[in-house]
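To be precise, the following lines are my_file-v6.pdb, and they hold PDB, C-alpha atoms.
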```pdb
ATOM      1  CA  MET E   1      14.666 -35.867   4.517
ATOM      2  CA  GLU E   2      13.441 -39.424   3.925
ATOM      3  CA  LEU E   3       9.930 -40.842   3.754
ATOM      4  CA  ARG E   4      10.545 -43.081   6.735
ATOM      5  CA  GLU E   5      10.595 -40.024   9.020
ATOM      6  CA  PHE E   6       6.917 -39.346   8.348
ATOM      7  CA  PHE E   7       5.486 -42.806   8.957
ATOM      8  CA  SER E   8       4.877 -44.665  12.181
ATOM      9  CA  GLU E   9       3.142 -47.978  12.856
ATOM     10  CA  ASP E  10      -0.078 -46.326  14.022
ATOM     11  CA  VAL E  11      -0.728 -44.759  10.596
ATOM     12  CA  ILE E  12      -0.458 -48.072   8.756
ATOM     13  CA  ASN E  13      -3.429 -50.348   8.131
ATOM     14  CA  LEU E  14      -2.615 -53.494   6.178
ATOM     15  CA  ASP E  15      -6.166 -54.781   6.236
ATOM     16  CA  ILE E  16      -8.463 -52.035   4.980
ATOM     17  CA  GLN E  17     -12.095 -53.146   5.176
ATOM     18  CA  GLY E  18     -13.761 -50.663   2.827
ATOM     19  CA  GLU E  19     -15.137 -51.895  -0.456
ATOM     20  CA  THR E  20     -15.531 -48.570  -2.255
ATOM     21  CA  LYS E  21     -13.368 -45.562  -3.029
ATOM     22  CA  ASP E  22     -15.355 -43.427  -0.576
ATOM     23  CA  SER E  23     -15.211 -45.883   2.302
ATOM     24  CA  ILE E  24     -11.497 -46.419   1.818
ATOM     25  CA  LEU E  25     -10.831 -42.669   1.896
ATOM     26  CA  LYS E  26     -12.773 -42.490   5.172
ATOM     27  CA  GLU E  27     -10.845 -45.408   6.613
ATOM     28  CA  LEU E  28      -7.529 -43.832   5.688
ATOM     29  CA  ILE E  29      -8.591 -40.560   7.328
ATOM     30  CA  THR E  30      -9.361 -42.329  10.605
ATOM     31  CA  LEU E  31      -5.691 -43.298  10.833
ATOM     32  CA  LEU E  32      -4.884 -39.616  11.396
ATOM     33  CA  GLU E  33      -7.051 -39.521  14.551
ATOM     34  CA  LEU E  34      -8.656 -36.142  13.919
ATOM     35  CA  ASN E  35     -11.913 -35.023  15.476
ATOM     36  CA  GLU E  36     -15.135 -35.915  13.698
ATOM     37  CA  LYS E  37     -15.698 -32.479  12.165
ATOM     38  CA  SER E  38     -12.157 -32.299  10.831
ATOM     39  CA  GLU E  39     -12.500 -35.787   9.387
ATOM     40  CA  GLY E  40     -15.615 -34.645   7.524
ATOM     41  CA  ILE E  41     -13.928 -31.572   6.067
ATOM     42  CA  LEU E  42     -10.872 -33.570   5.047
ATOM     43  CA  TYR E  43     -13.028 -36.217   3.399
ATOM     44  CA  LYS E  44     -14.780 -33.545   1.319
ATOM     45  CA  MET E  45     -11.439 -32.125   0.199
ATOM     46  CA  LEU E  46     -10.034 -35.516  -0.755
ATOM     47  CA  LYS E  47     -13.209 -36.277  -2.671
ATOM     48  CA  ARG E  48     -12.961 -32.969  -4.494
ATOM     49  CA  ARG E  49      -9.375 -33.727  -5.418
ATOM     50  CA  GLU E  50     -10.406 -37.145  -6.728
ATOM     51  CA  ASN E  51     -13.104 -35.469  -8.809
ATOM     52  CA  LEU E  52     -10.403 -33.494 -10.624
ATOM     53  CA  GLY E  53      -8.745 -36.746 -11.648
ATOM     54  CA  SER E  54      -8.063 -40.008  -9.880
ATOM     55  CA  THR E  55      -4.959 -40.203  -7.722
ATOM     56  CA  GLY E  56      -4.613 -43.828  -8.774
ATOM     57  CA  ILE E  57      -1.259 -43.696 -10.590
ATOM     58  CA  GLY E  58      -1.208 -47.285 -11.814
ATOM     59  CA  LYS E  59       0.551 -50.446 -10.586
ATOM     60  CA  SER E  60      -2.193 -50.884  -7.954
ATOM     61  CA  ILE E  61      -1.165 -47.665  -6.179
ATOM     62  CA  ALA E  62      -3.103 -44.511  -5.311
ATOM     63  CA  ILE E  63      -1.878 -41.378  -3.567
ATOM     64  CA  PRO E  64      -4.902 -39.418  -2.273
ATOM     65  CA  HIS E  65      -3.629 -35.981  -1.263
ATOM     66  CA  CYS E  66      -4.717 -32.453  -0.456
ATOM     67  CA  ARG E  67      -3.979 -29.424   1.634
ATOM     68  CA  SER E  68      -6.319 -28.639   4.504
ATOM     69  CA  LEU E  69      -6.477 -26.339   7.489
ATOM     70  CA  VAL E  70      -7.687 -29.208   9.666
ATOM     71  CA  VAL E  71      -4.137 -30.494  10.099
ATOM     72  CA  ASN E  72      -1.386 -28.514  11.764
ATOM     73  CA  ARG E  73       1.504 -30.365  10.125
ATOM     74  CA  LEU E  74       2.138 -32.772   7.298
ATOM     75  CA  ARG E  75       0.342 -36.067   7.923
ATOM     76  CA  VAL E  76       0.647 -39.330   6.046
ATOM     77  CA  ALA E  77      -0.919 -42.778   6.258
ATOM     78  CA  PHE E  78      -0.742 -46.051   4.380
ATOM     79  CA  GLY E  79      -3.529 -48.527   3.761
ATOM     80  CA  ARG E  80      -3.664 -51.843   1.942
ATOM     81  CA  LYS E  81      -6.616 -53.772   0.613
ATOM     82  CA  LYS E  82      -5.253 -56.950  -0.879
ATOM     83  CA  THR E  83      -8.187 -57.677  -3.158
ATOM     84  CA  GLY E  84      -8.012 -54.198  -4.677
ATOM     85  CA  ILE E  85     -10.874 -51.911  -5.607
ATOM     86  CA  ASP E  86     -11.884 -49.798  -8.567
ATOM     87  CA  PHE E  87     -10.277 -46.395  -7.989
ATOM     88  CA  LYS E  88     -10.535 -45.159 -11.595
ATOM     89  CA  ALA E  89      -6.767 -45.462 -11.774
ATOM     90  CA  ILE E  90      -4.775 -44.346 -14.801
ATOM     91  CA  ASP E  91      -4.242 -47.948 -15.923
ATOM     92  CA  ASP E  92      -7.830 -48.941 -15.075
ATOM     93  CA  ARG E  93      -6.548 -51.697 -12.810
ATOM     94  CA  PRO E  94      -7.819 -52.202  -9.246
ATOM     95  CA  VAL E  95      -5.915 -50.366  -6.528
ATOM     96  CA  SER E  96      -4.604 -52.145  -3.454
ATOM     97  CA  PHE E  97      -2.141 -49.692  -1.935
ATOM     98  CA  PHE E  98      -3.059 -46.242  -0.677
ATOM     99  CA  PHE E  99      -0.676 -43.528   0.452
ATOM    100  CA  LEU E 100      -2.571 -40.637   2.065
ATOM    101  CA  ILE E 101      -0.865 -37.234   2.300
ATOM    102  CA  VAL E 102      -2.374 -34.132   3.910
ATOM    103  CA  ALA E 103      -0.632 -30.864   4.646
ATOM    104  CA  PRO E 104      -1.744 -27.479   5.962
ATOM    105  CA  PRO E 105      -1.996 -24.659   3.393
ATOM    106  CA  LEU E 106       0.632 -22.664   5.250
ATOM    107  CA  GLU E 107       3.486 -25.040   5.748
ATOM    108  CA  VAL E 108       6.623 -23.458   7.094
ATOM    109  CA  SER E 109       8.829 -26.484   6.478
ATOM    110  CA  ASN E 110       7.464 -26.966   2.958
ATOM    111  CA  GLN E 111       7.483 -30.762   3.055
ATOM    112  CA  TYR E 112       4.296 -31.501   1.151
ATOM    113  CA  LEU E 113       5.611 -31.498  -2.412
ATOM    114  CA  PRO E 114       8.883 -33.280  -1.622
ATOM    115  CA  VAL E 115       6.973 -36.009   0.239
ATOM    116  CA  LEU E 116       4.436 -36.316  -2.567
ATOM    117  CA  GLY E 117       7.295 -36.555  -5.050
ATOM    118  CA  LYS E 118       9.165 -39.127  -2.970
ATOM    119  CA  ILE E 119       6.123 -41.360  -2.660
ATOM    120  CA  ALA E 120       5.624 -41.153  -6.420
ATOM    121  CA  GLN E 121       9.317 -42.009  -6.845
ATOM    122  CA  LEU E 122       9.017 -44.981  -4.481
ATOM    123  CA  CYS E 123       6.001 -46.262  -6.373
ATOM    124  CA  ARG E 124       7.880 -46.158  -9.669
ATOM    125  CA  GLU E 125      10.324 -48.794  -8.431
ATOM    126  CA  SER E 126       9.343 -52.010 -10.153
ATOM    127  CA  ASP E 127       9.514 -54.280  -7.112
ATOM    128  CA  VAL E 128       7.501 -52.038  -4.791
ATOM    129  CA  PRO E 129       3.960 -53.281  -5.559
ATOM    130  CA  ASP E 130       5.010 -56.898  -4.960
ATOM    131  CA  ARG E 131       6.841 -55.977  -1.791
ATOM    132  CA  LEU E 132       3.841 -54.015  -0.498
ATOM    133  CA  ALA E 133       1.629 -57.026  -1.188
ATOM    134  CA  LYS E 134       3.858 -59.354   0.806
ATOM    135  CA  ILE E 135       4.521 -57.355   3.965
ATOM    136  CA  GLU E 136       2.778 -58.774   7.017
ATOM    137  CA  THR E 137       3.257 -56.150   9.695
ATOM    138  CA  PRO E 138       3.495 -52.348   9.902
ATOM    139  CA  ALA E 139       7.090 -52.819  11.045
ATOM    140  CA  GLU E 140       7.877 -54.535   7.750
ATOM    141  CA  PHE E 141       6.386 -51.592   5.874
ATOM    142  CA  LEU E 142       8.713 -49.259   7.763
ATOM    143  CA  GLU E 143      11.637 -51.569   7.039
ATOM    144  CA  LEU E 144      10.812 -51.354   3.332
ATOM    145  CA  LEU E 145      10.955 -47.557   3.518
ATOM    146  CA  ASP E 146      14.255 -47.787   5.360
ATOM    147  CA  GLU E 147      15.649 -50.123   2.738
ATOM    148  CA  LYS E 148      14.575 -47.952  -0.155
ATOM    149  CA  SER E 149      16.023 -44.804   1.437
ATOM    150  CA  VAL E 150      13.752 -42.581  -0.611
TER     151      VAL E 150
ATOM    152  CA  MET Q   1     -18.082 -25.975  14.666
ATOM    153  CA  HIS Q   2     -19.826 -22.801  13.584
ATOM    154  CA  PRO Q   3     -21.488 -23.551  10.203
ATOM    155  CA  GLN Q   4     -20.090 -20.405   8.607
ATOM    156  CA  LEU Q   5     -16.591 -21.247   9.848
ATOM    157  CA  GLU Q   6     -16.945 -24.659   8.248
ATOM    158  CA  ILE Q   7     -17.734 -22.999   4.913
ATOM    159  CA  LEU Q   8     -14.795 -20.630   5.350
ATOM    160  CA  LEU Q   9     -12.473 -23.543   6.047
ATOM    161  CA  GLU Q  10     -13.654 -25.389   2.976
ATOM    162  CA  LEU Q  11     -13.221 -22.237   0.910
ATOM    163  CA  GLN Q  12      -9.698 -21.839   2.180
ATOM    164  CA  ASP Q  13      -8.871 -25.463   1.373
ATOM    165  CA  LEU Q  14     -10.367 -25.117  -2.103
ATOM    166  CA  LYS Q  15      -8.255 -22.035  -2.731
ATOM    167  CA  ALA Q  16      -5.155 -23.878  -1.539
ATOM    168  CA  GLN Q  17      -5.971 -26.716  -3.919
ATOM    169  CA  LYS Q  18      -6.482 -24.258  -6.763
ATOM    170  CA  ARG Q  19      -3.172 -22.542  -6.030
ATOM    171  CA  GLU Q  20      -1.401 -25.899  -6.326
ATOM    172  CA  MET Q  21      -2.544 -26.087  -9.922
ATOM    173  CA  GLU Q  22      -1.984 -22.465 -10.915
ATOM    174  CA  GLU Q  23       1.109 -20.864 -12.340
ATOM    175  CA  VAL Q  24       1.514 -18.817  -9.186
ATOM    176  CA  ALA Q  25       2.323 -21.999  -7.297
ATOM    177  CA  ASP Q  26       5.645 -23.757  -7.218
ATOM    178  CA  GLU Q  27       6.098 -25.140 -10.731
ATOM    179  CA  SER Q  28       6.814 -28.594  -9.321
ATOM    180  CA  SER Q  29       3.330 -28.651  -7.847
ATOM    181  CA  ARG Q  30       1.770 -28.226 -11.275
ATOM    182  CA  GLU Q  31       4.201 -30.699 -12.761
ATOM    183  CA  ILE Q  32       3.336 -33.409 -10.237
ATOM    184  CA  GLU Q  33      -0.376 -32.926 -10.793
ATOM    185  CA  ARG Q  34       0.054 -32.934 -14.556
ATOM    186  CA  LYS Q  35       2.665 -35.641 -15.026
ATOM    187  CA  VAL Q  36       2.077 -38.043 -12.136
ATOM    188  CA  PHE Q  37      -1.690 -37.717 -11.794
ATOM    189  CA  ARG Q  38      -2.427 -36.532 -15.331
ATOM    190  CA  VAL Q  39      -4.740 -33.782 -14.188
ATOM    191  CA  GLU Q  40      -6.027 -31.461 -16.903
ATOM    192  CA  LEU Q  41      -4.888 -28.331 -15.123
ATOM    193  CA  GLU Q  42      -7.017 -25.719 -16.838
ATOM    194  CA  ASP Q  43     -10.174 -27.786 -16.416
ATOM    195  CA  ALA Q  44      -9.328 -28.432 -12.785
ATOM    196  CA  ILE Q  45      -8.727 -24.739 -12.076
ATOM    197  CA  ALA Q  46     -12.035 -23.798 -13.720
ATOM    198  CA  HIS Q  47     -13.857 -26.485 -11.744
ATOM    199  CA  LEU Q  48     -12.352 -25.322  -8.454
ATOM    200  CA  GLN Q  49     -13.091 -21.669  -9.199
ATOM    201  CA  ALA Q  50     -16.727 -22.516  -9.908
ATOM    202  CA  LYS Q  51     -16.949 -24.365  -6.598
ATOM    203  CA  ILE Q  52     -15.354 -21.429  -4.766
ATOM    204  CA  VAL Q  53     -17.897 -19.010  -6.235
ATOM    205  CA  GLU Q  54     -20.727 -21.393  -5.348
ATOM    206  CA  MET Q  55     -19.567 -21.687  -1.748
ATOM    207  CA  GLU Q  56     -18.927 -17.974  -1.332
ATOM    208  CA  ALA Q  57     -22.566 -17.417  -2.221
ATOM    209  CA  THR Q  58     -23.554 -19.364   0.900
ATOM    210  CA  LEU Q  59     -21.766 -16.959   3.253
ATOM    211  CA  GLU Q  60     -24.076 -14.795   5.305
ATOM    212  CA  PRO Q  61     -23.976 -11.062   4.404
ATOM    213  CA  ASP Q  62     -22.153  -9.937   7.553
ATOM    214  CA  VAL Q  63     -19.588 -12.710   7.160
ATOM    215  CA  MET Q  64     -19.169 -11.864   3.476
ATOM    216  CA  ASN Q  65     -18.573  -8.203   4.364
ATOM    217  CA  ARG Q  66     -15.586  -9.217   6.467
ATOM    218  CA  TYR Q  67     -14.448 -12.044   4.206
ATOM    219  CA  ARG Q  68     -14.372 -10.243   0.854
ATOM    220  CA  PRO Q  69     -11.801  -7.504   1.559
ATOM    221  CA  ILE Q  70      -9.486  -9.936   3.350
ATOM    222  CA  ALA Q  71      -9.813 -12.599   0.668
ATOM    223  CA  ASP Q  72      -9.182 -10.065  -2.091
ATOM    224  CA  ALA Q  73      -6.196  -8.544  -0.351
ATOM    225  CA  ARG Q  74      -4.287 -11.622   0.733
ATOM    226  CA  GLU Q  75      -6.155 -14.724  -0.361
ATOM    227  CA  ARG Q  76      -6.058 -16.339   3.055
ATOM    228  CA  ALA Q  77      -9.138 -15.145   4.885
ATOM    229  CA  VAL Q  78      -8.941 -17.866   7.515
ATOM    230  CA  THR Q  79      -5.786 -18.513   9.475
ATOM    231  CA  PRO Q  80      -5.024 -21.286  11.924
ATOM    232  CA  VAL Q  81      -4.276 -20.518  15.541
ATOM    233  CA  LEU Q  82      -1.620 -22.804  16.978
ATOM    234  CA  ASP Q  83      -0.420 -22.556  20.555
ATOM    235  CA  GLY Q  84      -2.280 -19.282  20.919
ATOM    236  CA  VAL Q  85      -0.595 -17.645  17.928
ATOM    237  CA  CYS Q  86      -2.449 -16.421  14.844
ATOM    238  CA  TYR Q  87      -0.594 -17.750  11.800
ATOM    239  CA  GLY Q  88      -1.882 -14.840   9.724
ATOM    240  CA  CYS Q  89       0.138 -12.221  11.583
ATOM    241  CA  PHE Q  90       2.075 -14.318  14.117
ATOM    242  CA  MET Q  91       0.675 -12.298  16.989
ATOM    243  CA  ALA Q  92      -0.660 -13.899  20.149
ATOM    244  CA  VAL Q  93      -4.431 -14.207  20.328
ATOM    245  CA  PRO Q  94      -5.540 -12.568  23.606
ATOM    246  CA  THR Q  95      -5.879 -15.153  26.341
ATOM    247  CA  ALA Q  96      -9.308 -13.747  27.176
ATOM    248  CA  SER Q  97     -10.488 -14.746  23.729
ATOM    249  CA  VAL Q  98     -12.763 -17.773  23.709
ATOM    250  CA  ARG Q  99     -10.719 -20.483  22.000
ATOM    251  CA  THR Q 100     -13.440 -22.467  20.381
ATOM    252  CA  ASN Q 101     -14.535 -23.086  16.836
ATOM    253  CA  GLU Q 102     -18.167 -23.052  17.899
ATOM    254  CA  GLU Q 103     -18.146 -19.282  17.484
ATOM    255  CA  LEU Q 104     -17.036 -17.271  14.494
ATOM    256  CA  ARG Q 105     -14.043 -15.230  15.597
ATOM    257  CA  TRP Q 106     -11.337 -13.153  14.001
ATOM    258  CA  CYS Q 107      -7.887 -11.965  14.933
ATOM    259  CA  GLU Q 108      -8.032  -8.502  16.453
ATOM    260  CA  ASN Q 109      -4.649  -7.720  14.946
ATOM    261  CA  CYS Q 110      -4.875  -8.817  11.294
ATOM    262  CA  GLY Q 111      -8.618  -9.270  10.933
ATOM    263  CA  SER Q 112      -8.474 -12.823   9.563
ATOM    264  CA  PHE Q 113     -11.061 -15.325  10.662
ATOM    265  CA  VAL Q 114      -9.360 -17.729  13.015
ATOM    266  CA  TYR Q 115      -9.552 -21.486  13.284
ATOM    267  CA  PHE Q 116      -8.276 -23.090  16.450
ATOM    268  CA  VAL Q 117      -6.348 -26.200  15.480
ATOM    269  CA  ASP Q 118      -6.424 -29.138  17.902
TER     270      ASP Q 118
END
```
How would this structure read if it were set down as structure tokens?
Amino acid sequence: MELREFFSEDVINLDIQGETKDSILKELITLLELNEKSEGILYKMLKRRENLGSTGIGKSIAIPHCRSLVVNRLRVAFGRKKTGIDFKAIDDRPVSFFFLIVAPPLEVSNQYLPVLGKIAQLCRESDVPDRLAKIETPAEFLELLDEKSV
Amino acid sequence: MHPQLEILLELQDLKAQKREMEEVADESSREIERKVFRVELEDAIAHLQAKIVEMEATLEPDVMNRYRPIADARERAVTPVLDGVCYGCFMAVPTASVRTNEELRWCENCGSFVYFVD
């Protein structure tokens, strides 16, 4: 199993418009194309998770994540806001890159933790933040995942 | 969506989040939350439990009467229905059953509240 399998161009937004943590979470959720009610429930859960401790892991990267019944399989998305925003990250630096992960509570294939771990592993690679900053198209993002083979 | 079903869904999600941080969960789950995200696990569990109790108090009495024994017995009081199958007991939900989340419904086989996933 590799990260690339879970991403497609339609869940990648390289020009996030939101200016706050809340608006960026909402914008990421829209990439999953859920109905309005489900989006609202998911937003509440992601907010609650953030309240337990920021998912900003440093190096300009955040990984908002939760389990929710509103999805029927593991869903991921990627967003980028080049200027970065305050996400209360571990290193107190602005966050520019957002990996969203949502999985149902009952997940037969049990992919949630491995995917979460693989994204964290990808983000630990020293060149990744620079590479994420430079990509110009969703296809290039997917190529980066292919290249890293995480 | 039925307002009580919305509360039940949120409760279920909160419990799933709490399980991720508890010792009953896969140890790697706790480790990721602790090491990668530096979550103070005991504080987080207490916070989530308080929120669960707060939300349970907003359930209507007849809903609570059905919810409590199921939640106590098997934690998951709400189960998704996918392709007509209840994922609580993996039995087919009768085709005559109204498949909408606008009403509060439960599986006639296992008794769980059901949520019809898009």
For this session: Pull out every residue of chain E that has at least one atom within 7 Å of chain Q, counting all atoms listed in the file, and report them as a list in words.
Result: Ile41, Leu52, Gly53, Thr55, Ile57, Cys66, Arg67, Ser68, Leu69, Val70, Asn72, Pro105 and Leu113 of chain E
Problem set entry | E:Ile16 environment, 9 Å, only C-alpha atoms, sequence neighbours closer than 3 positions dropped, as a PyMOL selection string | chain E and resi 13+19+24+27-28+79-82
For this session: Starting from the shown file, work through the PyMOL selection byres ((chain Q and resi 67) around 10) and note down what comes out as number ranges by chain.
Result: Q: 8, 56, 59, 61-66, 68-72, 75-78, 111-113
Problem set entry | Surrounding residues of E:Leu34 excluding itself and chain neighbours under 4 positions, 10 Å, all atoms listed in the file, as a list in words | Ile29, Thr30, Ser38, Glu39, Gly40, Leu42, Val70 and Val71 of chain E; Asp118 of chain Q
For this session: Rounded to one decimal place, report the atom CA of Q:Ala46-atom CA of E:Met45 distance in Å.
Result: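 Going from atom CA of Q:Ala46 over to atom CA of E:Met45, I get 16.2 Å.
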Exercise. So which residues get picked by the PyMOL selection byres ((chain E and resi 116) around 12) here, written as a ChimeraX atom specification?
Worked result: /E:2-3,6,55,62-67,74-76,99-103,110-115,117-123,150 /Q:28-29,31-33,36-37
Exercise. Quick one, how far is atom CA of E:Asp22 from atom CA of E:Phe87?
Worked result: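 It comes out at 9.5 Å.
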Exercise. Given the choices E:Ser60, E:Leu25, E:Arg73, E:Val95, which gets closest to E:Ser126 if the distance is worked out from only C-alpha atoms?
Worked result: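 Going through E:Ser60, E:Leu25, E:Arg73, E:Val95 one by one, the smallest distance to E:Ser126 is for E:Ser60.
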Problem set entry | Separation of atom CA of Q:Met91 from atom CA of Q:Glu103 in Å |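 It comes out at 20.1 Å.
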Problem set entry | Counting only C-alpha atoms, the residue of E:Glu147, E:Glu136, E:Glu125, E:Glu50 that sits nearest E:Ile12 |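 The shortest atom-to-atom distance to E:Ile12 comes from E:Glu136.
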For this session: Anything within 10 Å of (5.5, -16.7, 8.2): list those residues as a PyMOL selection string, counting all atoms listed in the file and sticking to the file's coordinates.
Result: (chain E and resi 106-108) or (chain Q and resi 87-90)
Taking all listed atoms of stretch 78-97 of chain Q, build the axis-aligned box, pad each of the six sides by 6 Å, then write its centre and edge lengths in Å to one decimal as lines of an AutoDock Vina configuration file.
```
center_x = -4.2
center_y = -17.5
center_z = 17.3
size_x = 24.6
size_y = 22.6
size_z = 31.7
```
Exercise. Hey, what's within 7 Å of E:Pro138 if we count all atoms listed in the file and toss same-chain stuff fewer than 3 positions away? As a list in words, please?
Worked result: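 Residues near the query, excluding close chain neighbours: Glu9, Ile12, Phe141 and Leu142 of chain E.
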